[in-house]
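Asker: Just so it is clear, I am handing over entry_2.pdb, which has PDB, C-alpha atoms.
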```
ATOM      1  CA  MET A  19      13.810  -9.656  23.637
ATOM      2  CA  PRO A  20      12.219  -6.614  25.302
ATOM      3  CA  PRO A  21       9.473  -4.903  23.282
ATOM      4  CA  ILE A  22      10.500  -2.355  20.669
ATOM      5  CA  SER A  23       9.679   1.188  21.777
ATOM      6  CA  ILE A  24       7.934   2.839  18.848
ATOM      7  CA  GLY A  25       6.452   6.205  17.950
ATOM      8  CA  LEU A  26       3.847   7.102  15.315
ATOM      9  CA  VAL A  27       4.484  10.012  12.962
ATOM     10  CA  GLY A  28       1.214  11.336  11.547
ATOM     11  CA  LEU A  29      -1.978  10.569  13.439
ATOM     12  CA  GLY A  30      -4.562  10.689  10.663
ATOM     13  CA  LYS A  31      -7.096   8.114   9.535
ATOM     14  CA  ILE A  32      -4.728   5.284   8.547
ATOM     15  CA  ALA A  33      -2.718   5.622  11.759
ATOM     16  CA  ARG A  34      -5.834   5.521  13.936
ATOM     17  CA  ASP A  35      -7.671   2.830  11.968
ATOM     18  CA  GLN A  36      -4.776   0.420  11.429
ATOM     19  CA  HIS A  37      -1.395   1.296  12.924
ATOM     20  CA  LEU A  38      -2.535   2.040  16.478
ATOM     21  CA  PRO A  39      -4.547  -1.203  16.849
ATOM     22  CA  ALA A  40      -1.800  -3.304  15.222
ATOM     23  CA  ILE A  41       0.900  -1.917  17.520
ATOM     24  CA  GLN A  42      -1.227  -2.161  20.658
ATOM     25  CA  ALA A  43      -2.138  -5.795  19.908
ATOM     26  CA  ASN A  44       1.466  -6.904  19.340
ATOM     27  CA  PRO A  45       3.557  -7.677  22.445
ATOM     28  CA  ASP A  46       6.723  -7.071  20.422
ATOM     29  CA  TYR A  47       6.043  -3.327  20.676
ATOM     30  CA  ARG A  48       5.605  -0.631  23.301
ATOM     31  CA  LEU A  49       3.864   2.445  21.906
ATOM     32  CA  VAL A  50       5.603   5.469  23.409
ATOM     33  CA  ALA A  51       4.461   8.614  21.606
ATOM     34  CA  GLY A  52       2.869  10.240  18.598
ATOM     35  CA  ALA A  53       3.996  13.180  16.477
ATOM     36  CA  ASP A  54       1.508  15.335  14.587
ATOM     37  CA  PRO A  55       1.233  19.124  14.235
ATOM     38  CA  GLN A  56      -2.490  19.009  15.010
ATOM     39  CA  ASP A  57      -3.871  15.772  16.437
ATOM     40  CA  GLY A  58      -3.017  13.759  19.513
ATOM     41  CA  VAL A  59      -4.234  10.459  20.933
ATOM     42  CA  GLU A  60      -5.659  10.391  24.429
ATOM     43  CA  GLY A  61      -3.261   8.767  26.868
ATOM     44  CA  LEU A  62      -0.299   8.920  24.478
ATOM     45  CA  ALA A  63       2.573  11.404  24.754
ATOM     46  CA  HIS A  64       2.137  13.928  21.949
ATOM     47  CA  TYR A  65       4.658  16.067  20.092
ATOM     48  CA  ALA A  66       4.141  18.587  17.301
ATOM     49  CA  SER A  67       6.907  17.137  15.118
ATOM     50  CA  LEU A  68       9.169  14.134  14.660
ATOM     51  CA  GLU A  69      12.123  16.310  15.623
ATOM     52  CA  ALA A  70      10.485  17.165  18.944
ATOM     53  CA  MET A  71       9.581  13.533  19.600
ATOM     54  CA  LEU A  72      13.123  12.318  18.929
ATOM     55  CA  ALA A  73      14.561  15.001  21.213
ATOM     56  CA  ALA A  74      12.157  14.225  24.066
ATOM     57  CA  GLU A  75      12.238  10.407  23.720
ATOM     58  CA  PRO A  76      15.924   9.475  23.305
ATOM     59  CA  ASP A  77      15.243   5.789  24.049
ATOM     60  CA  LEU A  78      12.782   5.461  21.169
ATOM     61  CA  GLU A  79      13.890   2.586  18.930
ATOM     62  CA  ALA A  80      11.496   2.772  15.972
ATOM     63  CA  VAL A  81       9.053   5.038  14.173
ATOM     64  CA  ALA A  82       6.167   4.339  11.813
ATOM     65  CA  ILE A  83       5.674   7.156   9.301
ATOM     66  CA  CYS A  84       2.037   7.680   8.270
ATOM     67  CA  THR A  85       2.180  11.240   6.948
ATOM     68  CA  PRO A  86       1.287  12.327   3.384
ATOM     69  CA  THR A  87       3.827  11.046   0.850
ATOM     70  CA  ARG A  88       5.451  14.426   0.187
ATOM     71  CA  LEU A  89       6.667  14.505   3.817
ATOM     72  CA  ARG A  90       8.007  10.977   4.148
ATOM     73  CA  TYR A  91      11.488  11.307   2.685
ATOM     74  CA  ALA A  92      12.647  14.053   5.057
ATOM     75  CA  GLN A  93      11.091  12.342   8.071
ATOM     76  CA  ALA A  94      12.494   8.907   7.247
ATOM     77  CA  ARG A  95      15.925  10.397   6.665
ATOM     78  CA  GLN A  96      15.815  12.168  10.017
ATOM     79  CA  ALA A  97      14.781   8.988  11.829
ATOM     80  CA  LEU A  98      17.378   6.798  10.093
ATOM     81  CA  GLU A  99      20.137   9.288  10.851
ATOM     82  CA  ALA A 100      19.013   9.180  14.492
ATOM     83  CA  GLY A 101      19.564   5.402  14.467
ATOM     84  CA  LYS A 102      15.882   4.382  14.485
ATOM     85  CA  HIS A 103      14.111   1.556  12.712
ATOM     86  CA  VAL A 104      11.675   3.040  10.173
ATOM     87  CA  LEU A 105       8.391   1.648   8.831
ATOM     88  CA  LEU A 106       7.047   3.576   5.841
ATOM     89  CA  GLU A 107       3.320   3.496   5.145
ATOM     90  CA  LYS A 108       2.589   2.839   1.472
ATOM     91  CA  PRO A 109       3.546   4.276  -0.909
ATOM     92  CA  PRO A 110       6.995   4.611   0.681
ATOM     93  CA  GLY A 111       7.693   7.964  -0.968
ATOM     94  CA  ALA A 112       6.460  10.501  -3.467
ATOM     95  CA  THR A 113       9.101   9.476  -6.024
ATOM     96  CA  LEU A 114      11.364   6.542  -6.806
ATOM     97  CA  SER A 115      14.390   8.784  -6.342
ATOM     98  CA  GLU A 116      13.394   9.526  -2.754
ATOM     99  CA  VAL A 117      12.914   5.866  -1.888
ATOM    100  CA  GLU A 118      16.145   4.771  -3.536
ATOM    101  CA  ALA A 119      18.022   7.478  -1.629
ATOM    102  CA  LEU A 120      16.546   6.168   1.619
ATOM    103  CA  VAL A 121      17.584   2.609   0.737
ATOM    104  CA  GLU A 122      21.142   3.788   0.174
ATOM    105  CA  LEU A 123      21.107   5.772   3.422
ATOM    106  CA  ALA A 124      19.758   2.827   5.412
ATOM    107  CA  GLU A 125      22.683   0.667   4.310
ATOM    108  CA  GLY A 126      24.997   2.840   6.406
ATOM    109  CA  CYS A 127      22.663   3.273   9.382
ATOM    110  CA  PRO A 128      22.011   0.926  12.311
ATOM    111  CA  GLY A 129      18.243   1.016  11.839
ATOM    112  CA  THR A 130      15.964  -1.037   9.599
ATOM    113  CA  LEU A 131      13.995   0.458   6.687
ATOM    114  CA  PHE A 132      10.758  -1.337   5.817
ATOM    115  CA  ALA A 133       8.339  -0.407   3.018
ATOM    116  CA  ALA A 134       4.984  -1.603   4.312
ATOM    117  CA  TRP A 135       2.840  -2.998   1.477
ATOM    118  CA  HIS A 136      -0.112  -4.218   3.544
ATOM    119  CA  SER A 137      -1.926  -5.944   0.658
ATOM    120  CA  GLN A 138       1.040  -8.283   0.216
ATOM    121  CA  GLN A 139       0.116  -9.612   3.673
ATOM    122  CA  ALA A 140      -3.398 -10.598   2.524
ATOM    123  CA  GLY A 141      -4.314 -14.185   3.325
ATOM    124  CA  GLY A 142      -4.321 -15.590  -0.210
ATOM    125  CA  VAL A 143      -1.298 -13.829  -1.701
ATOM    126  CA  GLU A 144       1.497 -16.286  -0.892
ATOM    127  CA  ALA A 145      -0.602 -19.318  -1.873
ATOM    128  CA  ALA A 146      -1.402 -17.602  -5.183
ATOM    129  CA  ARG A 147       2.280 -16.839  -5.755
ATOM    130  CA  GLU A 148       3.227 -20.483  -5.198
ATOM    131  CA  TRP A 149       0.454 -21.813  -7.466
ATOM    132  CA  LEU A 150       1.243 -19.421 -10.309
ATOM    133  CA  ALA A 151       4.979 -20.131 -10.193
ATOM    134  CA  ALA A 152       4.415 -23.482 -11.939
ATOM    135  CA  ARG A 153       1.778 -22.287 -14.442
ATOM    136  CA  GLU A 154       1.766 -20.679 -17.865
ATOM    137  CA  ILE A 155       0.124 -17.277 -17.515
ATOM    138  CA  ARG A 156      -2.183 -16.420 -20.428
ATOM    139  CA  ALA A 157      -3.935 -13.221 -19.310
ATOM    140  CA  VAL A 158      -4.355 -11.069 -16.203
ATOM    141  CA  GLU A 159      -7.139  -8.679 -15.210
ATOM    142  CA  ILE A 160      -6.767  -6.316 -12.260
ATOM    143  CA  GLU A 161      -9.786  -4.396 -10.995
ATOM    144  CA  TRP A 162      -9.516  -2.077  -7.978
ATOM    145  CA  LYS A 163     -12.536   0.200  -7.573
ATOM    146  CA  GLU A 164     -14.016   1.945  -4.533
ATOM    147  CA  ASP A 165     -15.840   5.062  -3.360
ATOM    148  CA  VAL A 166     -13.258   7.674  -2.375
ATOM    149  CA  ARG A 167     -15.764   9.434  -0.109
ATOM    150  CA  VAL A 168     -16.227   6.245   1.933
ATOM    151  CA  TRP A 169     -12.625   5.096   2.097
ATOM    152  CA  HIS A 170     -10.717   8.393   2.093
ATOM    153  CA  PRO A 171     -12.964  11.041   3.677
ATOM    154  CA  GLY A 172     -11.338  14.433   4.141
ATOM    155  CA  GLN A 173      -8.018  13.384   2.600
ATOM    156  CA  ALA A 174      -7.708  16.356   0.256
ATOM    157  CA  TRP A 175      -3.945  15.816  -0.089
ATOM    158  CA  LEU A 176      -4.687  12.854  -2.383
ATOM    159  CA  TRP A 177      -5.491  15.337  -5.149
ATOM    160  CA  ASP A 178      -2.270  17.350  -4.843
ATOM    161  CA  PRO A 179       1.006  16.488  -6.626
ATOM    162  CA  GLY A 180       2.516  13.520  -4.795
ATOM    163  CA  GLY A 181      -0.877  12.461  -3.464
ATOM    164  CA  MET A 182      -1.322   9.952  -6.336
ATOM    165  CA  GLY A 183      -5.128  10.111  -6.487
ATOM    166  CA  VAL A 184      -6.627   6.742  -7.411
ATOM    167  CA  PHE A 185      -3.154   5.204  -7.368
ATOM    168  CA  ASP A 186      -3.151   5.505  -3.579
ATOM    169  CA  PRO A 187      -5.372   2.387  -3.411
ATOM    170  CA  GLY A 188      -4.409   1.222  -6.911
ATOM    171  CA  ILE A 189      -0.828   0.725  -5.794
ATOM    172  CA  ASN A 190      -2.163  -1.965  -3.447
ATOM    173  CA  ALA A 191      -3.345  -3.896  -6.508
ATOM    174  CA  LEU A 192       0.047  -3.452  -8.137
ATOM    175  CA  SER A 193       1.777  -4.627  -4.968
ATOM    176  CA  VAL A 194      -0.264  -7.838  -5.152
ATOM    177  CA  ALA A 195       0.330  -8.311  -8.893
ATOM    178  CA  THR A 196       4.076  -7.722  -8.705
ATOM    179  CA  ARG A 197       4.221 -10.182  -5.818
ATOM    180  CA  VAL A 198       2.204 -13.064  -7.266
ATOM    181  CA  LEU A 199       3.068 -12.985 -10.977
ATOM    182  CA  PRO A 200       6.189 -15.010 -11.778
ATOM    183  CA  ARG A 201       7.709 -12.574 -14.295
ATOM    184  CA  PRO A 202       8.227  -8.799 -14.369
ATOM    185  CA  PHE A 203       5.727  -6.863 -16.468
ATOM    186  CA  PHE A 204       5.959  -3.510 -18.183
ATOM    187  CA  LEU A 205       3.560  -0.684 -18.987
ATOM    188  CA  ARG A 206       2.544  -0.334 -22.631
ATOM    189  CA  GLN A 207      -0.406   2.077 -22.471
ATOM    190  CA  ALA A 208      -2.194   4.170 -19.837
ATOM    191  CA  THR A 209      -5.106   6.594 -19.673
ATOM    192  CA  LEU A 210      -5.507   8.745 -16.567
ATOM    193  CA  ASP A 211      -8.815  10.523 -15.885
ATOM    194  CA  VAL A 212      -7.955  13.737 -14.042
ATOM    195  CA  PRO A 213     -10.723  16.019 -12.692
ATOM    196  CA  ALA A 214     -10.453  19.547 -14.037
ATOM    197  CA  ASN A 215      -9.870  20.920 -10.522
ATOM    198  CA  CYS A 216      -7.357  18.277  -9.368
ATOM    199  CA  GLN A 217      -3.740  17.352 -10.037
ATOM    200  CA  THR A 218      -4.031  13.566  -9.756
ATOM    201  CA  PRO A 219      -6.303  10.983 -11.426
ATOM    202  CA  ILE A 220      -9.666   9.814 -10.171
ATOM    203  CA  ALA A 221      -9.526   6.760 -12.460
ATOM    204  CA  ALA A 222      -6.964   4.959 -14.619
ATOM    205  CA  ARG A 223      -6.837   2.235 -17.254
ATOM    206  CA  LEU A 224      -3.502   0.506 -17.767
ATOM    207  CA  ALA A 225      -2.186  -2.100 -20.190
ATOM    208  CA  PHE A 226       0.971  -4.085 -19.410
ATOM    209  CA  MET A 227       2.852  -6.975 -20.991
ATOM    210  CA  ASP A 228       5.561  -9.277 -19.719
ATOM    211  CA  ALA A 229       8.481 -10.614 -21.776
ATOM    212  CA  ASP A 230       6.219 -13.303 -23.255
ATOM    213  CA  GLU A 231       3.682 -10.633 -24.326
ATOM    214  CA  THR A 232       1.109 -11.831 -21.806
ATOM    215  CA  PRO A 233      -1.656  -9.194 -21.668
ATOM    216  CA  ILE A 234      -2.160  -7.640 -18.241
ATOM    217  CA  ALA A 235      -4.976  -5.088 -17.908
ATOM    218  CA  ALA A 236      -5.707  -2.939 -14.857
ATOM    219  CA  ALA A 237      -8.650  -0.632 -14.106
ATOM    220  CA  PHE A 238      -8.718   1.654 -11.061
ATOM    221  CA  ASP A 239     -11.616   3.946 -10.167
ATOM    222  CA  PHE A 240     -12.482   6.129  -7.175
ATOM    223  CA  ARG A 241     -16.065   6.721  -8.379
ATOM    224  CA  GLN A 242     -17.571   3.296  -7.713
ATOM    225  CA  SER A 243     -20.541   3.362  -5.361
ATOM    226  CA  GLY A 244     -21.735   0.441  -3.281
ATOM    227  CA  GLU A 245     -19.469  -2.525  -2.653
ATOM    228  CA  VAL A 246     -15.762  -2.294  -3.427
ATOM    229  CA  THR A 247     -14.030  -4.371  -6.092
ATOM    230  CA  TRP A 248     -10.493  -5.411  -5.129
ATOM    231  CA  GLU A 249      -9.605  -8.286  -7.464
ATOM    232  CA  VAL A 250      -6.790  -9.873  -9.476
ATOM    233  CA  ARG A 251      -7.854 -12.547 -11.992
ATOM    234  CA  VAL A 252      -5.345 -14.765 -13.823
ATOM    235  CA  GLU A 253      -6.015 -17.140 -16.720
ATOM    236  CA  THR A 254      -3.498 -19.993 -16.882
ATOM    237  CA  ASP A 255      -2.948 -23.270 -18.713
ATOM    238  CA  ALA A 256      -4.234 -25.064 -15.593
ATOM    239  CA  GLY A 257      -7.306 -22.993 -14.817
ATOM    240  CA  ARG A 258      -8.447 -19.602 -13.591
ATOM    241  CA  LEU A 259      -7.126 -18.038 -10.399
ATOM    242  CA  ARG A 260      -9.006 -15.255  -8.665
ATOM    243  CA  LEU A 261      -7.826 -13.164  -5.728
ATOM    244  CA  SER A 262     -10.698 -11.135  -4.290
ATOM    245  CA  HIS A 263     -11.333  -9.144  -1.091
ATOM    246  CA  GLY A 264      -7.981  -7.441  -1.654
ATOM    247  CA  GLY A 265      -6.192 -10.782  -1.865
ATOM    248  CA  ASN A 266      -7.777 -12.394   1.177
ATOM    249  CA  ARG A 267      -9.906 -14.862  -0.773
ATOM    250  CA  LEU A 268      -8.194 -17.184  -3.251
ATOM    251  CA  THR A 269     -10.352 -19.149  -5.698
ATOM    252  CA  ILE A 270      -9.093 -21.565  -8.352
ATOM    253  CA  ASP A 271     -11.682 -22.713 -10.887
ATOM    254  CA  ASP A 272     -14.527 -21.756  -8.520
ATOM    255  CA  GLU A 273     -13.018 -23.714  -5.623
ATOM    256  CA  VAL A 274     -12.212 -21.558  -2.599
ATOM    257  CA  VAL A 275      -8.647 -22.383  -1.532
ATOM    258  CA  VAL A 276      -8.073 -19.595   1.022
ATOM    259  CA  ASP A 277     -10.770 -17.503   2.671
ATOM    260  CA  ALA A 278      -9.360 -15.193   5.328
ATOM    261  CA  PRO A 279     -11.999 -13.806   7.685
ATOM    262  CA  THR A 280     -13.401 -10.383   6.789
ATOM    263  CA  GLY A 281     -14.669  -9.392  10.226
ATOM    264  CA  ASP A 282     -17.897 -10.142  12.049
ATOM    265  CA  GLY A 283     -21.093  -8.315  11.160
ATOM    266  CA  GLY A 284     -21.455  -4.623  10.429
ATOM    267  CA  ASP A 285     -21.452  -2.875   7.068
ATOM    268  CA  GLU A 286     -18.986  -3.622   4.296
ATOM    269  CA  PRO A 287     -16.466  -0.867   5.215
ATOM    270  CA  SER A 288     -16.346  -2.191   8.795
ATOM    271  CA  ARG A 289     -15.855  -5.788   7.675
ATOM    272  CA  LEU A 290     -13.167  -4.924   5.155
ATOM    273  CA  ALA A 291     -11.410  -2.598   7.607
ATOM    274  CA  ALA A 292     -11.177  -5.554   9.995
ATOM    275  CA  MET A 293      -9.736  -7.636   7.177
ATOM    276  CA  VAL A 294      -7.136  -4.968   6.396
ATOM    277  CA  GLY A 295      -6.351  -4.904  10.111
ATOM    278  CA  GLN A 296      -5.120  -8.486   9.826
ATOM    279  CA  GLU A 297      -2.798  -7.376   7.045
ATOM    280  CA  TYR A 298      -1.335  -4.665   9.276
ATOM    281  CA  ALA A 299      -0.826  -7.218  12.021
ATOM    282  CA  GLY A 300       1.297  -9.136   9.518
ATOM    283  CA  LEU A 301       3.244  -5.986   8.637
ATOM    284  CA  TYR A 302       4.179  -5.302  12.235
ATOM    285  CA  ALA A 303       5.162  -8.927  12.810
ATOM    286  CA  ARG A 304       7.481  -8.660   9.794
ATOM    287  CA  PHE A 305       8.884  -5.304  10.949
ATOM    288  CA  ALA A 306       9.815  -6.844  14.310
ATOM    289  CA  GLU A 307      11.592  -9.715  12.526
ATOM    290  CA  LEU A 308      13.572  -7.314  10.342
ATOM    291  CA  ALA A 309      14.522  -5.110  13.304
ATOM    292  CA  ALA A 310      15.751  -8.139  15.254
ATOM    293  CA  ALA A 311      17.798  -9.321  12.267
ATOM    294  CA  GLY A 312      19.112  -5.843  11.402
ATOM    295  CA  ARG A 313      17.842  -6.113   7.818
ATOM    296  CA  SER A 314      15.933  -3.697   5.601
ATOM    297  CA  GLU A 315      13.208  -4.692   3.133
ATOM    298  CA  VAL A 316      12.108  -2.178   0.508
ATOM    299  CA  ASP A 317      10.130  -3.382  -2.509
ATOM    300  CA  VAL A 318       9.991  -0.584  -5.090
ATOM    301  CA  ALA A 319       8.276  -2.577  -7.870
ATOM    302  CA  PRO A 320       4.725  -1.270  -7.173
ATOM    303  CA  LEU A 321       5.912   2.353  -7.005
ATOM    304  CA  ARG A 322       7.884   1.911 -10.232
ATOM    305  CA  GLN A 323       4.711   0.842 -12.045
ATOM    306  CA  VAL A 324       2.900   3.962 -10.809
ATOM    307  CA  ALA A 325       5.815   6.190 -11.806
ATOM    308  CA  ASP A 326       5.691   4.688 -15.304
ATOM    309  CA  ALA A 327       1.942   5.362 -15.474
ATOM    310  CA  PHE A 328       2.409   9.044 -14.632
ATOM    311  CA  LEU A 329       5.292   9.332 -17.099
ATOM    312  CA  TYR A 330       3.740   7.371 -19.959
ATOM    313  CA  GLY A 331       0.017   7.860 -19.444
ATOM    314  CA  ARG A 332      -2.311  10.039 -21.484
ATOM    315  CA  ARG A 333      -4.182  12.470 -19.233
ATOM    316  CA  GLU A 334      -7.834  13.104 -19.998
ATOM    317  CA  SER A 335      -9.720  15.907 -18.277
ATOM    318  CA  VAL A 336     -13.009  14.881 -16.649
ATOM    319  CA  GLU A 337     -15.637  16.819 -14.722
ATOM    320  CA  PRO A 338     -14.481  18.542 -11.510
ATOM    321  CA  PHE A 339     -14.581  16.552  -8.290
ATOM    322  CA  GLU A 340     -15.167  17.934  -4.812
ATOM    323  CA  PRO A 341     -13.453  15.742  -2.173
TER     324      PRO A 341
END
```
Can the structure from this file be put into structure tokens for me?
Answerer:
Amino acid sequence: MPPISIGLVGLGKIARDQHLPAIQANPDYRLVAGADPQDGVEGLAHYASLEAMLAAEPDLEAVAICTPTRLRYAQARQALEAGKHVLLEKPPGATLSEVEALVELAEGCPGTLFAAWHSQQAGGVEAAREWLAAREIRAVEIEWKEDVRVWHPGQAWLWDPGGMGVFDPGINALSVATRVLPRPFFLRQATLDVPANCQTPIAARLAFMDADETPIAAAFDFRQSGEVTWEVRVETDAGRLRLSHGGNRLTIDDEVVVDAPTGDGGDEPSRLAAMVGQEYAGLYARFAELAAAGRSEVDVAPLRQVADAFLYGRRESVEPFEP
């Protein structure tokens, strides 16, 4: 099969840090162009909009959409209607309604629609899923905390409606939990800490239960300084499972079962960015498989949990935050 000709829509931090390297390292793709109203990439054809890129590059086969969430529905719709394969950066839309409409649209279009949950590609996730499938789950703790100024510098849109605030990384934790836990779980209580000058939360505490009333607690926070905490811990009848490093290290009763590399040297953000890069490599490998098979893959479970949190959660005002 010849490589898939692909264009990037939105050339901000996530596109430059993860999508560009993942595409360029994968022989299944040929990067053709980028679309962004402001930024371009040296050596890459640049257009001010997706519409302009599609008009100028009629042979383009796929697009990866990395714009803020409020823009993704219209752009994905335009690309699908043009017959392109579409990869949606997480979260795949600002609302469940938007994503479900895209799923329905994709069913009648020749292109593939893929919701790209990169944390589900972490090295320990599938092994954890298999191990937990045969266990009785007794309790779950999810902790996803980081410094927003380190990991999301200049991304002021996070604090606007649709930006999701701390749920932008927190949804990664939920994508791991909904993937590895053997039964669906449901929100029972939520507290969202919202800065007085923002529209979205800087921290959140969530309580879930599954049908067997298994307690599942989650804590997300953008105010943690120093090292990040990206962990899912599960107590079972056969021992304690721990997914750390965003799901790339799997430990069962203090025995390391999977330990995906986290990069060589450098500071923690550099090492973890390299680790996340491996997850994006997995995403693009999967996207190529789906495009070849003519199948879409859109998991809405993580976004549904966030939607429930915004609907059901109690908002508490906290001190103003300057991004």
Asker: Please evaluate the PyMOL selection byres ((chain A and resi 172-188) around 9) against the displayed coordinates and give the resulting residues as a ChimeraX atom specification.
Answerer: /A:31,86-88,108-109,111-113,161-164,166-167,170-171,189-193,212,215-222,237-240,324,341
Asker: For range 243-261 of chain A, what centre and edge lengths in Å (one decimal) does the axis-aligned box get once 8 Å is added on each side of all its listed atoms, as AutoDock Vina command-line options?
Answerer:
```
--center_x -12.3 --center_y -10.9 --center_z -10.7 --size_x 34.8 --size_y 44.4 --size_z 32.1
```
Asker: Which of these residues is nearest to Ala229 in chain A, using all atoms listed in the file: A:Arg333, A:Arg258, A:Arg201, A:Arg241?
Answerer: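 Result for the nearest residue to Ala229 in chain A: A:Arg201.
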Asker: Which one of A:Ala51, A:Val336, A:Ile32, A:Leu308 sits closest to Ala74 in chain A if you count all atoms listed in the file?
Answerer: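 Checking each candidate against Ala74 in chain A, we get A:Ala51 as the closest.
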Asker: If the PyMOL selection byres ((chain A and resi 141) around 10) is run on the structure shown, which residues does it catch, given as a PDB file with C-alpha atoms, keeping the file's coordinate frame?
Answerer:
```pdb
ATOM      1  CA  SER A 137      -1.926  -5.944   0.658  1.00  0.00           C
ATOM      2  CA  GLN A 138       1.040  -8.283   0.216  1.00  0.00           C
ATOM      3  CA  GLN A 139       0.116  -9.612   3.673  1.00  0.00           C
ATOM      4  CA  ALA A 140      -3.398 -10.598   2.524  1.00  0.00           C
ATOM      5  CA  GLY A 142      -4.321 -15.590  -0.210  1.00  0.00           C
ATOM      6  CA  VAL A 143      -1.298 -13.829  -1.701  1.00  0.00           C
ATOM      7  CA  GLU A 144       1.497 -16.286  -0.892  1.00  0.00           C
ATOM      8  CA  ALA A 145      -0.602 -19.318  -1.873  1.00  0.00           C
ATOM      9  CA  ALA A 146      -1.402 -17.602  -5.183  1.00  0.00           C
ATOM     10  CA  LEU A 261      -7.826 -13.164  -5.728  1.00  0.00           C
ATOM     11  CA  HIS A 263     -11.333  -9.144  -1.091  1.00  0.00           C
ATOM     12  CA  GLY A 264      -7.981  -7.441  -1.654  1.00  0.00           C
ATOM     13  CA  GLY A 265      -6.192 -10.782  -1.865  1.00  0.00           C
ATOM     14  CA  ASN A 266      -7.777 -12.394   1.177  1.00  0.00           C
ATOM     15  CA  ARG A 267      -9.906 -14.862  -0.773  1.00  0.00           C
ATOM     16  CA  LEU A 268      -8.194 -17.184  -3.251  1.00  0.00           C
ATOM     17  CA  VAL A 276      -8.073 -19.595   1.022  1.00  0.00           C
ATOM     18  CA  ASP A 277     -10.770 -17.503   2.671  1.00  0.00           C
ATOM     19  CA  ALA A 278      -9.360 -15.193   5.328  1.00  0.00           C
ATOM     20  CA  PRO A 279     -11.999 -13.806   7.685  1.00  0.00           C
ATOM     21  CA  MET A 293      -9.736  -7.636   7.177  1.00  0.00           C
ATOM     22  CA  GLN A 296      -5.120  -8.486   9.826  1.00  0.00           C
ATOM     23  CA  GLU A 297      -2.798  -7.376   7.045  1.00  0.00           C
ATOM     24  CA  GLY A 300       1.297  -9.136   9.518  1.00  0.00           C
TER      25      GLY A 300
END
```
Asker: Looking at only C-alpha atoms, which of A:Leu29, A:Leu301, A:Ala319, A:Ala70 is the one that sits closest to Phe203 in chain A?
Answerer: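 Checking each candidate against Phe203 in chain A, we get A:Ala319 as the closest.
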Asker: Using only C-alpha atoms, find all polymer residues with an atom at most 12 Å away from the point (15.5, -1.7, 9.9); report them as a PyMOL selection string.
Answerer: chain A and resi 22+79-82+94+97-99+101-106+120-121+123-134+304-316
Asker: Applying the PyMOL selection byres ((chain A and resi 335) around 9) to the file I just gave you, which residues come out? Please list them as a list in words.
Answerer: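 Answer for the PyMOL selection byres ((chain A and resi 335) around 9): Leu210, Asp211, Val212, Pro213, Ala214, Arg333, Glu334, Val336, Glu337 and Pro338 of chain A.
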Asker: Give the answer as one residue: which of A:Gly28, A:Ala299, A:Asp317, A:Asp255 has the shortest atom-to-atom distance to Asp271 in chain A, using only C-alpha atoms?
Answerer: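 Answer, going by the shortest atom-to-atom distance: A:Asp255.
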Asker: Which one of A:Ala92, A:Ala53, A:Ala157, A:Ala195 sits closest to Thr254 in chain A if you count only C-alpha atoms?
Answerer: A:Ala157
Asker: Between CA of Leu68 in chain A and CA of Leu114 in chain A, what distance in Å does the model show, to one decimal?
Answerer: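 Taking CA of Leu68 in chain A as the start and CA of Leu114 in chain A as the end point, the length is 22.9 Å.
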Asker: A:Gln242, A:Ile41, A:Ala33, A:Ile24: which is nearest Leu72 in chain A, counting only C-alpha atoms?
Answerer: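 Result for the nearest residue to Leu72 in chain A: A:Ile24.
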Asker: To one decimal place in Å, what is the distance between CA of Leu224 in chain A and CA of Ala236 in chain A?
Answerer: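 Computed distance, CA of Leu224 in chain A to CA of Ala236 in chain A, equals 5.0 Å.
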Asker: Select all residues near (-5.5, -17.2, -11.8) (cut-off 10 Å, inclusive, file coordinates), counting all atoms listed in the file, and output them as a list of chain:residue names.
Answerer: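 Protein and nucleic acid residues near the point are A:Ala146, A:Arg147, A:Trp149, A:Leu150, A:Arg153, A:Ile155, A:Arg156, A:Ala157, A:Val158, A:Glu159, A:Val198, A:Leu199, A:Val250, A:Arg251, A:Val252, A:Glu253, A:Thr254, A:Asp255, A:Ala256, A:Gly257, A:Arg258, A:Leu259, A:Arg260, A:Leu261, A:Leu268, A:Thr269, A:Ile270, A:Asp271.
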Asker: Calculate how many Å separate CA of Asp54 in chain A from CA of Trp169 in chain A, rounding to one decimal.
Answerer: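 That distance, rounded to one decimal, is 21.5 Å.
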